[in-house]
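Q: Next comes my_file03.cif, mmCIF, C-alpha atoms:
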data_protein
loop_
_atom_site.label_atom_id
_atom_site.label_comp_id
_atom_site.auth_asym_id
_atom_site.auth_seq_id
_atom_site.Cartn_x
_atom_site.Cartn_y
_atom_site.Cartn_z
CA MET A 1 -16.91 -15.93 -45.47
CA HIS A 2 -17.00 -14.35 -48.90
CA GLY A 3 -17.65 -10.99 -47.31
CA MET A 4 -14.60 -11.39 -45.12
CA VAL A 5 -12.56 -12.33 -48.15
CA ARG A 6 -13.65 -9.20 -49.96
CA ARG A 7 -12.75 -7.01 -47.00
CA CYS A 8 -9.46 -8.80 -46.61
CA VAL A 9 -8.56 -8.22 -50.26
CA ALA A 10 -9.47 -4.56 -49.71
CA GLY A 11 -6.86 -4.41 -46.94
CA ASP A 12 -8.89 -5.01 -43.80
CA ALA A 13 -6.46 -6.57 -41.29
CA ALA A 14 -9.26 -7.52 -38.92
CA ALA A 15 -10.96 -9.53 -41.66
CA TRP A 16 -7.77 -11.45 -42.30
CA GLU A 17 -7.45 -12.21 -38.61
CA ASP A 18 -11.02 -13.55 -38.62
CA ILE A 19 -10.20 -15.81 -41.54
CA VAL A 20 -7.11 -17.13 -39.77
CA ARG A 21 -9.01 -17.78 -36.57
CA GLY A 22 -11.84 -19.47 -38.45
CA MET A 23 -9.74 -21.77 -40.62
CA ASN A 24 -6.58 -22.55 -38.66
CA ARG A 25 -8.02 -25.51 -36.77
CA ARG A 26 -9.26 -27.24 -39.89
CA ILE A 27 -6.06 -26.70 -41.86
CA TYR A 28 -3.91 -27.75 -38.92
CA ASN A 29 -5.81 -31.02 -38.59
CA ILE A 30 -5.48 -31.81 -42.29
CA CYS A 31 -1.75 -31.15 -42.11
CA TYR A 32 -1.37 -33.13 -38.91
CA ARG A 33 -3.21 -36.19 -40.18
CA PHE A 34 -1.37 -36.13 -43.47
CA SER A 35 2.14 -35.47 -42.17
CA GLY A 36 1.79 -37.43 -38.95
CA SER A 37 3.84 -34.87 -37.04
CA ALA A 38 2.63 -31.96 -34.92
CA THR A 39 5.78 -29.97 -35.64
CA ASP A 40 5.46 -30.43 -39.38
CA ALA A 41 1.76 -29.67 -39.15
CA GLU A 42 2.47 -26.34 -37.48
CA ASP A 43 5.03 -25.34 -40.10
CA LEU A 44 2.83 -26.50 -42.92
CA THR A 45 -0.18 -24.62 -41.57
CA GLN A 46 1.80 -21.40 -41.50
CA GLU A 47 2.97 -21.99 -45.06
CA VAL A 48 -0.61 -22.59 -46.15
CA PHE A 49 -1.77 -19.29 -44.67
CA ILE A 50 1.16 -17.43 -46.14
CA LYS A 51 0.25 -18.87 -49.54
CA ILE A 52 -3.40 -17.97 -49.05
CA TYR A 53 -2.51 -14.44 -47.95
CA ARG A 54 -0.44 -13.88 -51.08
CA THR A 55 -2.89 -15.46 -53.53
CA LEU A 56 -6.13 -14.26 -51.95
CA PRO A 57 -6.83 -11.77 -54.73
CA SER A 58 -6.87 -14.69 -57.20
CA PHE A 59 -9.72 -16.48 -55.41
CA ASN A 60 -12.80 -16.82 -57.59
CA GLN A 61 -15.92 -17.67 -55.64
CA GLU A 62 -17.73 -18.77 -58.79
CA LYS A 63 -15.41 -21.71 -59.33
CA ALA A 64 -15.47 -23.09 -55.81
CA SER A 65 -16.26 -22.22 -52.23
CA PHE A 66 -13.61 -20.57 -50.10
CA THR A 67 -13.30 -23.76 -48.02
CA THR A 68 -12.68 -25.84 -51.11
CA TRP A 69 -10.13 -23.35 -52.40
CA VAL A 70 -8.27 -23.35 -49.07
CA THR A 71 -8.34 -27.15 -49.04
CA THR A 72 -6.83 -27.22 -52.51
CA VAL A 73 -4.01 -24.93 -51.46
CA THR A 74 -3.42 -27.10 -48.41
CA ARG A 75 -3.41 -30.31 -50.36
CA ASN A 76 -0.95 -28.99 -52.94
CA LEU A 77 1.44 -27.88 -50.25
CA LEU A 78 1.14 -31.24 -48.52
CA VAL A 79 1.97 -33.11 -51.71
CA ASP A 80 4.98 -30.87 -52.32
CA HIS A 81 6.13 -31.42 -48.78
CA PHE A 82 5.65 -35.15 -49.14
CA ARG A 83 7.80 -35.26 -52.26
CA LYS A 84 10.54 -33.18 -50.67
CA THR A 85 10.67 -35.33 -47.55
CA LYS A 86 10.26 -38.68 -49.28
CA ASN A 87 13.84 -39.73 -48.66
CA ASP A 88 13.79 -38.57 -45.04
CA ARG A 89 10.84 -40.69 -43.99
CA ALA A 90 11.24 -44.05 -42.24
CA THR A 91 9.71 -46.94 -44.13
CA ASP A 92 7.79 -48.25 -41.18
CA SER A 93 6.47 -45.45 -39.00
CA ILE A 94 4.67 -47.76 -36.57
CA ASP A 95 7.88 -49.57 -35.61
CA ASP A 96 9.56 -46.27 -34.73
CA ARG A 97 6.93 -45.30 -32.23
CA GLY A 98 7.96 -47.61 -29.45
CA SER A 99 7.28 -51.14 -28.37
CA GLU A 100 5.26 -52.98 -30.96
CA ASP A 101 4.14 -55.48 -28.38
CA ASP A 102 2.59 -52.75 -26.28
CA GLU A 103 0.60 -51.49 -29.23
CA ARG A 104 -0.58 -54.98 -30.15
CA GLN A 105 -1.55 -55.70 -26.61
CA ALA A 106 -3.55 -52.51 -26.39
CA LEU A 107 -5.26 -53.35 -29.64
CA SER A 108 -6.10 -56.92 -28.59
CA GLN A 109 -7.45 -55.66 -25.32
CA GLN A 110 -9.55 -53.15 -27.12
CA LEU A 111 -10.97 -55.78 -29.43
CA GLU A 112 -11.58 -58.44 -26.78
CA ASP A 113 -13.20 -56.28 -24.20
CA GLN A 114 -16.79 -55.78 -25.18
CA GLY A 115 -18.05 -54.16 -22.00
CA PRO A 116 -17.12 -50.97 -20.18
CA SER A 117 -13.60 -50.86 -18.75
CA PRO A 118 -11.85 -48.70 -16.18
CA GLU A 119 -9.08 -48.11 -18.70
CA THR A 120 -11.47 -47.04 -21.45
CA HIS A 121 -10.03 -43.58 -21.72
CA MET A 122 -6.49 -44.86 -22.01
CA GLU A 123 -7.48 -47.50 -24.52
CA ARG A 124 -9.30 -44.99 -26.66
CA ARG A 125 -6.25 -42.80 -26.66
CA GLU A 126 -4.09 -45.71 -27.69
CA THR A 127 -6.60 -46.62 -30.38
CA ARG A 128 -6.50 -43.10 -31.79
CA GLU A 129 -2.73 -43.23 -31.86
CA LEU A 130 -2.82 -46.59 -33.65
CA VAL A 131 -5.23 -45.30 -36.26
CA HIS A 132 -3.12 -42.17 -36.72
CA ALA A 133 -0.03 -44.30 -37.23
CA ALA A 134 -1.86 -46.61 -39.66
CA LEU A 135 -2.93 -43.57 -41.71
CA GLN A 136 0.71 -42.73 -42.31
CA LYS A 137 1.18 -46.14 -43.92
CA LEU A 138 -1.38 -45.45 -46.63
CA SER A 139 -0.27 -44.05 -49.94
CA PRO A 140 -0.67 -40.25 -50.22
CA GLU A 141 -3.58 -40.52 -52.67
CA LEU A 142 -5.61 -42.82 -50.43
CA ARG A 143 -4.59 -40.96 -47.29
CA GLU A 144 -5.74 -37.53 -48.50
CA ALA A 145 -9.05 -38.91 -49.73
CA VAL A 146 -9.77 -40.62 -46.41
CA ILE A 147 -8.74 -37.55 -44.41
CA LEU A 148 -10.92 -35.17 -46.38
CA ARG A 149 -13.95 -37.46 -46.30
CA ASP A 150 -13.89 -39.22 -42.95
CA LEU A 151 -12.05 -36.64 -40.84
CA GLN A 152 -13.02 -33.34 -42.46
CA ASP A 153 -16.55 -34.28 -43.57
CA MET A 154 -16.18 -32.85 -47.05
CA ASP A 155 -18.60 -34.09 -49.66
CA TYR A 156 -17.44 -35.99 -52.74
CA ARG A 157 -17.91 -33.09 -55.08
CA GLU A 158 -15.73 -30.73 -53.01
CA ILE A 159 -13.06 -33.39 -52.67
CA ALA A 160 -13.13 -33.97 -56.41
CA LEU A 161 -12.63 -30.23 -57.00
CA ALA A 162 -9.83 -30.03 -54.45
CA LEU A 163 -7.98 -33.07 -55.77
CA LYS A 164 -8.83 -32.32 -59.39
CA VAL A 165 -10.07 -35.86 -60.08
CA PRO A 166 -13.53 -37.22 -60.99
CA GLU A 167 -16.01 -37.98 -58.25
CA GLY A 168 -15.93 -41.70 -59.03
CA THR A 169 -12.19 -41.73 -58.50
CA VAL A 170 -12.67 -39.97 -55.20
CA LYS A 171 -15.13 -42.62 -53.99
CA SER A 172 -12.90 -45.43 -55.14
CA ARG A 173 -9.87 -44.00 -53.37
CA ILE A 174 -11.86 -43.44 -50.22
CA ASN A 175 -13.08 -47.03 -50.10
CA ARG A 176 -9.68 -48.45 -50.84
CA GLY A 177 -8.17 -46.25 -48.16
CA ARG A 178 -10.69 -47.37 -45.58
CA ALA A 179 -10.24 -51.03 -46.45
CA GLU A 180 -6.46 -50.80 -46.38
CA LEU A 181 -6.57 -49.07 -43.02
CA ALA A 182 -8.78 -51.80 -41.59
CA ARG A 183 -6.50 -54.54 -42.91
CA LEU A 184 -3.45 -52.86 -41.40
CA LEU A 185 -5.08 -52.65 -38.01
CA GLN A 186 -6.51 -56.16 -38.19
CA ARG A 187 -3.11 -57.51 -39.15
CA THR A 188 -1.67 -55.90 -36.06
CA TYR A 189 -4.38 -57.54 -33.97
CA LYS A 190 -3.79 -60.96 -35.48
CA GLN A 191 -0.07 -60.71 -34.84
CA ALA A 192 -0.75 -59.82 -31.25
CA THR A 193 -2.92 -62.87 -30.70
CA MET B 1 -12.28 -57.01 -58.14
CA ASN B 2 -13.13 -58.94 -61.25
CA GLY B 3 -16.02 -58.19 -63.60
CA GLU B 4 -18.27 -60.95 -62.40
CA ASN B 5 -21.94 -60.45 -62.81
CA LYS B 6 -23.84 -61.78 -59.87
CA ASN B 7 -27.47 -61.10 -59.35
CA GLY B 8 -27.48 -58.56 -62.18
CA MET B 9 -24.71 -56.43 -60.78
CA GLN B 10 -21.07 -56.37 -61.72
CA CYS B 11 -18.35 -56.03 -59.18
CA SER B 12 -17.29 -52.75 -60.73
CA GLU B 13 -20.78 -51.39 -60.19
CA PHE B 14 -20.73 -52.74 -56.66
CA ASP B 15 -17.48 -50.87 -56.07
CA LEU B 16 -19.02 -47.62 -57.32
CA LEU B 17 -22.04 -47.98 -55.07
CA LEU B 18 -20.03 -49.05 -52.05
CA ALA B 19 -19.46 -45.50 -50.79
CA ASP B 20 -23.15 -44.64 -51.10
CA ALA B 21 -24.09 -47.86 -49.37
CA ILE B 22 -21.81 -47.01 -46.46
CA ASP B 23 -23.43 -43.57 -46.34
CA ARG B 24 -26.87 -45.23 -46.45
CA GLN B 25 -27.80 -43.37 -49.57
CA LEU B 26 -29.00 -46.44 -51.52
CA THR B 27 -32.70 -47.12 -51.61
CA GLY B 28 -35.25 -49.34 -53.29
CA GLU B 29 -34.19 -51.72 -56.01
CA GLN B 30 -30.63 -50.45 -56.13
CA LEU B 31 -30.21 -51.30 -52.46
CA SER B 32 -31.75 -54.73 -52.97
CA ARG B 33 -29.44 -55.59 -55.85
CA PHE B 34 -26.47 -54.32 -53.93
CA GLU B 35 -27.26 -56.47 -50.91
CA GLN B 36 -27.84 -59.54 -53.03
CA HIS B 37 -24.49 -59.10 -54.79
CA GLN B 38 -22.80 -58.62 -51.46
CA GLN B 39 -24.22 -61.86 -50.14
CA SER B 40 -23.29 -63.85 -53.21
CA CYS B 41 -19.88 -62.40 -54.10
CA GLN B 42 -17.19 -63.28 -51.57
CA PRO B 43 -14.55 -60.69 -52.62
CA CYS B 44 -17.13 -57.90 -52.65
CA SER B 45 -18.49 -59.07 -49.32
CA ALA B 46 -14.97 -58.99 -47.81
CA MET B 47 -14.38 -55.57 -49.34
CA PHE B 48 -17.62 -54.29 -47.84
CA ALA B 49 -16.63 -55.65 -44.40
CA ASP B 50 -13.18 -54.05 -44.59
CA VAL B 51 -14.58 -50.68 -45.64
CA LYS B 52 -17.12 -50.77 -42.82
CA ALA B 53 -14.39 -51.66 -40.31
CA GLY B 54 -12.23 -48.81 -41.62
CA VAL B 55 -15.07 -46.34 -41.13
CA ASN B 56 -15.51 -47.58 -37.55
CA TRP B 57 -11.81 -47.11 -36.84
CA LEU B 58 -11.80 -43.60 -38.28
CA GLU B 59 -14.82 -42.58 -36.23
CA GLN B 60 -12.66 -42.90 -33.12
CA VAL B 61 -10.21 -40.28 -34.35
CA GLU B 62 -10.89 -36.83 -32.94
CA GLU B 63 -9.80 -33.39 -34.04
CA VAL B 64 -6.63 -32.17 -32.38
CA GLU B 65 -6.21 -28.73 -30.90
CA PRO B 66 -3.66 -26.55 -32.70
CA PRO B 67 -0.90 -24.89 -30.66
CA ARG B 68 -1.98 -21.75 -28.83
CA HIS B 69 0.60 -19.56 -30.49
CA LEU B 70 -0.26 -20.71 -34.02
CA VAL B 71 -2.66 -17.88 -34.83
CA HIS B 72 -0.22 -15.31 -33.50
CA ASN B 73 2.63 -16.74 -35.58
CA ILE B 74 0.48 -16.77 -38.69
CA LEU B 75 -0.58 -13.17 -38.22
CA VAL B 76 2.99 -12.04 -37.66
CA ALA B 77 4.18 -13.92 -40.74
CA THR B 78 1.40 -12.64 -42.99
CA SER B 79 -0.21 -9.31 -42.22
CA GLY B 80 2.72 -8.18 -40.06
CA VAL B 81 0.57 -7.53 -36.99
CA THR B 82 2.93 -6.72 -34.11
CA GLU B 83 3.68 -9.52 -31.75
CA ARG B 84 2.43 -7.64 -28.73
CA VAL B 85 -0.90 -6.79 -30.24
CA ALA B 86 -1.58 -10.19 -31.70
CA ALA B 87 -0.44 -12.03 -28.62
CA LYS B 88 -2.45 -9.67 -26.45
CA VAL B 89 -5.59 -10.24 -28.45
CA GLU B 90 -5.13 -13.99 -28.44
CA ARG B 91 -4.32 -14.00 -24.75
CA HIS B 92 -7.44 -12.00 -23.95
CA GLU B 93 -9.60 -14.30 -25.99
CA ARG B 94 -8.29 -17.48 -24.44
CA GLN B 95 -7.69 -16.30 -20.89
CA SER B 96 -10.22 -16.32 -18.14
CA LEU B 97 -10.94 -13.27 -16.00
CA GLY B 98 -8.74 -14.67 -13.23
CA ASP B 99 -5.76 -15.00 -15.57
CA ARG B 100 -6.13 -11.44 -16.77
CA LEU B 101 -6.37 -10.05 -13.23
CA ARG B 102 -3.39 -12.11 -12.26
CA GLU B 103 -1.40 -10.64 -15.15
CA ILE B 104 -2.18 -7.13 -13.99
CA PHE B 105 -1.69 -7.42 -10.23
CA VAL B 106 1.04 -10.04 -9.80
CA PRO B 107 3.87 -7.79 -11.07
CA VAL B 108 2.73 -5.00 -8.75
CA PHE B 109 2.45 -7.08 -5.61
CA ALA B 110 5.23 -9.56 -6.36
CA PRO B 111 7.74 -7.90 -3.92
CA MET B 112 5.26 -8.46 -1.12
CA PHE B 113 5.50 -12.20 -1.47
CA THR B 114 9.16 -12.34 -0.38
CA ARG B 115 10.18 -13.74 3.00
CA ARG B 116 11.77 -10.52 4.15
CA PHE B 117 8.66 -8.53 3.52
CA ALA B 118 6.53 -11.10 5.30
CA MET B 119 8.74 -10.96 8.41
CA THR B 120 8.71 -7.17 8.40
CA ALA B 121 4.95 -7.13 8.07
CA ALA B 122 4.60 -9.59 10.94
CA GLY B 123 6.88 -7.48 13.14
CA ALA B 124 4.92 -4.35 12.32
CA PHE B 125 1.67 -6.14 13.06
CA PHE B 126 2.82 -7.25 16.50
CA SER B 127 4.19 -3.81 17.30
CA VAL B 128 0.91 -2.16 16.39
CA THR B 129 -1.00 -4.77 18.40
CA LEU B 130 1.13 -4.17 21.48
CA ALA B 131 0.80 -0.41 21.13
CA LEU B 132 -2.95 -0.67 20.84
CA ASN B 133 -3.13 -2.90 23.89
CA ALA B 134 -0.94 -0.50 25.82
CA GLY B 135 -3.15 2.39 24.78
CA GLY B 136 -6.25 0.50 25.86
CA ILE B 137 -7.70 0.47 22.38
CA LYS B 138 -9.74 -2.61 21.47
CA LEU B 139 -10.40 -3.01 17.79
CA SER B 140 -13.48 -5.12 18.38
CA LYS B 141 -15.11 -2.22 20.21
CA LEU B 142 -14.02 0.49 17.82
CA ASP B 143 -16.56 2.39 15.85
CA PHE B 144 -14.99 3.47 12.59
CA SER B 145 -17.22 6.44 11.90
CA PRO B 146 -15.14 9.67 11.53
CA ARG B 147 -16.67 11.27 14.62
CA ASN B 148 -15.97 8.34 16.90
CA LEU B 149 -12.53 7.83 15.44
CA SER B 150 -11.52 11.38 16.33
CA ARG B 151 -13.05 10.99 19.78
CA THR B 152 -11.10 7.78 20.31
CA TYR B 153 -7.94 9.49 19.16
CA TYR B 154 -8.26 12.37 21.59
CA ALA B 155 -9.22 10.08 24.46
CA THR B 156 -6.17 7.96 23.81
CA GLU B 157 -3.98 11.02 23.63
CA GLU B 158 -5.36 12.23 26.96
CA ARG B 159 -4.69 8.88 28.60
CA ALA B 160 -1.17 8.86 27.28
CA MET B 161 -0.51 12.34 28.59
CA LYS B 162 -1.93 11.47 31.97
CA TYR B 163 0.18 8.39 32.14
CA TYR B 164 3.25 10.37 31.26
CA GLU B 165 2.46 13.01 33.80
CA GLN B 166 1.82 10.42 36.45
CA ILE B 167 5.18 8.91 35.78
CA GLY B 168 6.73 12.37 36.27
CA LEU B 169 4.85 12.85 39.49
CA VAL B 170 6.12 9.53 40.75
CA TYR B 171 9.67 10.50 39.95
CA GLU B 172 9.23 13.80 41.69
CA ILE B 173 7.83 12.24 44.83
CA GLU B 174 10.67 9.78 44.92
CA SER B 175 13.25 12.48 44.63
CA ARG B 176 11.56 14.45 47.41
CA VAL B 177 11.57 11.44 49.67
CA GLN B 178 15.26 10.97 49.05
CA GLU B 179 15.93 14.56 49.89
CA LEU B 180 13.99 14.26 53.07
CA ARG B 181 15.89 11.16 54.04
CA ARG B 182 19.14 12.88 53.45
CA ALA B 183 17.92 15.78 55.45
CA ALA B 184 16.85 13.49 58.28
CA GLY B 185 20.17 11.76 58.25
CA ALA B 186 22.15 15.02 58.29
CA ALA B 187 20.17 16.67 61.16
CA PRO B 188 20.34 14.76 64.50
CA ASP B 189 18.49 17.69 66.45
CA LYS B 190 15.39 16.80 64.86
CA ASP B 191 15.30 13.55 66.72
CA ASP B 192 14.41 15.09 70.13
CA ASN B 193 13.00 12.08 71.90
CA LYS B 194 16.15 10.19 71.70
CA LYS B 195 18.59 12.88 72.70
CA PRO B 196 20.24 12.64 76.10
CA PRO B 197 20.35 15.58 78.53
CA LYS B 198 22.99 17.96 77.49
CA LYS B 199 26.04 17.55 79.60
CA ASN B 200 28.82 19.09 77.69
CA GLU B 201 29.42 22.16 75.78
CA SER B 202 29.68 20.49 72.48
CA ASP B 203 26.07 19.50 72.67
CA LYS B 204 25.01 23.00 73.38
CA SER B 205 26.87 24.29 70.44
CA GLN B 206 25.04 21.84 68.28
CA GLU B 207 21.68 22.87 69.66
CA ASN B 208 22.27 26.47 68.94
CA GLU B 209 23.16 25.93 65.39
CA PRO B 210 20.45 23.77 63.86
CA GLU B 211 20.77 25.58 60.54
CA ARG B 212 24.41 24.79 60.29
CA HIS B 213 23.52 21.16 60.51
CA GLU B 214 21.36 21.34 57.54
CA GLN B 215 23.97 23.14 55.60
CA ASN B 216 26.69 20.66 56.30
CA TYR B 217 25.52 17.93 53.94
CA SER B 218 28.43 18.17 51.76
CA GLN B 219 31.01 18.16 54.48
CA THR B 220 32.62 15.09 55.72
CA VAL B 221 31.46 14.40 59.21
CA ASN B 222 33.21 12.23 61.70
CA GLU B 223 30.75 11.31 64.32
CA LEU B 224 31.53 9.95 67.67
CA ILE B 225 28.65 7.96 68.89
CA GLU B 226 28.26 7.94 72.62
CA ALA B 227 25.65 5.85 74.23
CA HIS B 228 24.50 5.94 77.79
CA LEU B 229 21.40 5.31 79.85
CA ASP B 230 19.23 7.99 81.40
CA ASP B 231 17.26 7.67 84.54
CA SER B 232 14.38 5.92 82.84
CA GLY B 233 16.67 3.29 81.49
CA ILE B 234 16.20 4.30 77.87
CA GLY B 235 19.29 4.18 75.86
CA ILE B 236 20.21 7.48 74.50
CA ILE B 237 22.58 7.88 71.70
CA ALA B 238 24.49 11.07 71.63
CA ARG B 239 26.39 12.06 68.61
CA GLN B 240 29.30 14.33 68.89
CA ARG B 241 30.01 15.83 65.62
CA ARG B 242 33.43 16.84 64.70
CA ILE B 243 33.52 18.58 61.41
CA SER B 244 36.66 18.21 59.40
#
Have the structure of the file written as structure tokens, please.

A:
Amino acid sequence: MHGMVRRCVAGDAAAWEDIVRGMNRRIYNICYRFSGSATDAEDLTQEVFIKIYRTLPSFNQEKASFTTWVTTVTRNLLVDHFRKTKNDRATDSIDDRGSEDDERQALSQQLEDQGPSPETHMERRETRELVHAALQKLSPELREAVILRDLQDMDYREIALALKVPEGTVKSRINRGRAELARLLQRTYKQAT
Amino acid sequence: MNGENKNGMQCSEFDLLLADAIDRQLTGEQLSRFEQHQQSCQPCSAMFADVKAGVNWLEQVEEVEPPRHLVHNILVATSGVTERVAAKVERHERQSLGDRLREIFVPVFAPMFTRRFAMTAAGAFFSVTLALNAGGIKLSKLDFSPRNLSRTYYATEERAMKYYEQIGLVYEIESRVQELRRAAGAAPDKDDNKKPPKKNESDKSQENEPERHEQNYSQTVNELIEAHLDDSGIGIIARQRRIS
């Protein structure tokens, strides 16, 4: 990756294309899980790469890996976007997604049914959507920590560098995010039953 | 969490070790103390259960696939790679061989998939089939080597010419027969067996001028038909021609 970065800084268009192809999936998923919207994720991903393209000469591989540096750029853009769109967001994103009863029912079914089910695929899809919606209800600090650890498999040190906080803070935020997520989903289940 | 000290561990320490415990990184005495605190401290135990449940929920979330045009849009917005080139590269990478072939050949053969073309092709096919049947050519028995193809061609040509000539011969024979019939109808002398004995001068004049009879096709002839019986009882028809 560092070799590609060097070639890209030297003006190699093919190297830049390789970087884009190698990183776009990861960055898109971070943006999608943080923003909650595929449309926003697409726009944000493009902005991230535009930022990276312009600031690539400033990358210092001695300070952090290229992945960590890209994650930092992504996270900063996401926070800026979050602040700009704060007033535009609905307060309860789960309620806007359709019938609450349907979601609760799907969740209760998922929790009650211990064995294999013909609707397993559909239930899993619904579960993923519920978890995705619950993520949007977390605060940005907890949400980004959970996304980077549990969805992007970054280690605590890299996350600490990307978020510019101590490692202990990272672990604390991650645990609180996980616990809050579980309580949100369990609350939905209890309301359904 | 409060700062309670249970089993030699404070809740704050428990909170710090919680992530490592979830990741199964704790070992030995540290793990033992952690588990003992978990069992004895209700808030920490509930926290541990919630964190574990959260991890289980998040494990069901999968990575999503970015839009297909995303890379292309990024390249256009950054390095300024032309849309056609970038899209072409991305299309080639993501497309199967069938899709690429379809992209090449569909525009070329698209006009052939219209109804009009199909009807024309069907009509041409039936015409060729009929012509081959008429020419006696059977595709199943054809040998497509160049030598046999040329032999088949010349044989077919010969048959066609013969057929044509035979048709001409038939026409010619028919026209000859018609001429002969006209000639037979215009010349009564030729029918000797049926002629009566000549009794009047008009008959004699007709006998002496057989050629004139043949030459009088175009003239209007008023014939008086006279019938009488000879000695043998055979009816004889005598025609007295009066040329006008």

Q: Here's the selection I'm unsure about, the PyMOL selection byres ((chain A and resi 127) around 10); applied to the file above, which residues does it give, as a PDB file with C-alpha atoms, in the frame of the given file?

A:
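And here is the file that came out, result29.pdb:
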ATOM      1  CA  GLU A 103       0.600 -51.490 -29.230  1.00  0.00           C
ATOM      2  CA  ALA A 106      -3.550 -52.510 -26.390  1.00  0.00           C
ATOM      3  CA  LEU A 107      -5.260 -53.350 -29.640  1.00  0.00           C
ATOM      4  CA  GLN A 110      -9.550 -53.150 -27.120  1.00  0.00           C
ATOM      5  CA  HIS A 121     -10.030 -43.580 -21.720  1.00  0.00           C
ATOM      6  CA  MET A 122      -6.490 -44.860 -22.010  1.00  0.00           C
ATOM      7  CA  GLU A 123      -7.480 -47.500 -24.520  1.00  0.00           C
ATOM      8  CA  ARG A 124      -9.300 -44.990 -26.660  1.00  0.00           C
ATOM      9  CA  ARG A 125      -6.250 -42.800 -26.660  1.00  0.00           C
ATOM     10  CA  GLU A 126      -4.090 -45.710 -27.690  1.00  0.00           C
ATOM     11  CA  ARG A 128      -6.500 -43.100 -31.790  1.00  0.00           C
ATOM     12  CA  GLU A 129      -2.730 -43.230 -31.860  1.00  0.00           C
ATOM     13  CA  LEU A 130      -2.820 -46.590 -33.650  1.00  0.00           C
ATOM     14  CA  VAL A 131      -5.230 -45.300 -36.260  1.00  0.00           C
ATOM     15  CA  HIS A 132      -3.120 -42.170 -36.720  1.00  0.00           C
ATOM     16  CA  ALA A 133      -0.030 -44.300 -37.230  1.00  0.00           C
ATOM     17  CA  LEU A 185      -5.080 -52.650 -38.010  1.00  0.00           C
TER      18      LEU A 185
ATOM     19  CA  TRP B  57     -11.810 -47.110 -36.840  1.00  0.00           C
ATOM     20  CA  LEU B  58     -11.800 -43.600 -38.280  1.00  0.00           C
ATOM     21  CA  GLN B  60     -12.660 -42.900 -33.120  1.00  0.00           C
ATOM     22  CA  VAL B  61     -10.210 -40.280 -34.350  1.00  0.00           C
TER      23      VAL B  61
END

Q: With all atoms listed in the file as the basis for distance, which of A:Ala145, A:Ile50, A:Val170, A:Leu44 is at the shortest distance from chain B?

A: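 Smallest separation from chain B among the options: A:Ile50.
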
Q: Determine the residue set returned by the PyMOL selection byres ((chain A) within 7 of (chain B)) for the present structure, and present it as a ChimeraX atom specification.

A: /A:13,17,20-21,25,28-29,46,49-50,53,128,131,150,168,171-172,175,178-179,181-183

Q: Please compute the atom CA of Phe117 of chain B-atom CA of Leu97 of chain B distance, one decimal, in Å.

A: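 Answer for the atom CA of Phe117 of chain B to atom CA of Leu97 of chain B separation: 28.1 Å.
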
Q: Return the single residue from A:Gln136, A:Gln61, A:Thr74, A:Thr68 that is closest to Ser35 of chain A, with distances computed using all atoms listed in the file.

A: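 Among the listed residues, the smallest separation from Ser35 of chain A belongs to A:Gln136.
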
Q: Calculated over all atoms listed in the file, which of the candidates A:Glu180, A:Glu158, A:Asp153, A:Glu167 has the smallest distance to Ser139 of chain A?

A: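 That would be A:Glu180, the residue with the smallest distance to Ser139 of chain A.
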
Q: Written as a list in words, which residues does the PyMOL selection byres ((chain A and resi 67) around 10) give for the file shown?

A: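 The output of the PyMOL selection byres ((chain A and resi 67) around 10) on this file is Met1, Met23, Arg26, Ile27, Ala64, Ser65, Phe66, Thr68, Trp69, Val70, Thr71, Thr72, Val73, Met154, Glu158 and Ala162 of chain A.
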
Q: Return as JSON the centre and edge lengths, in Å with one decimal, of the box along x, y and z that encloses every atom of segment 41-60 of chain A in the file, padded by 3 Å per side.

A:
{"center_x": -3.9, "center_y": -20.7, "center_z": -47.5, "size_x": 23.8, "size_y": 23.9, "size_z": 26.1}

Q: Which residue out of A:Leu135, A:Arg149, A:Thr169, A:Gly3 has the minimum interatomic distance to Ala15 of chain A when all atoms listed in the file are used?

A: A:Gly3

Q: Take atom CA of Ile30 of chain A and atom CA of Val48 of chain A and report the distance between them in Å, one decimal.

A: 11.1 Å

Q: If you measure from atom CA of Pro57 of chain A to atom CA of Asp18 of chain A, what distance in Å do you get, rounded to one decimal?

A: 16.7 Å

Q: Which residue, A:Asp80, A:Tyr156, A:Lys51, A:Leu148, has the smallest gap to Asp23 of chain B when you use all atoms listed in the file?

A: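 With all atoms listed in the file as the atom set, the closest residue is A:Tyr156.
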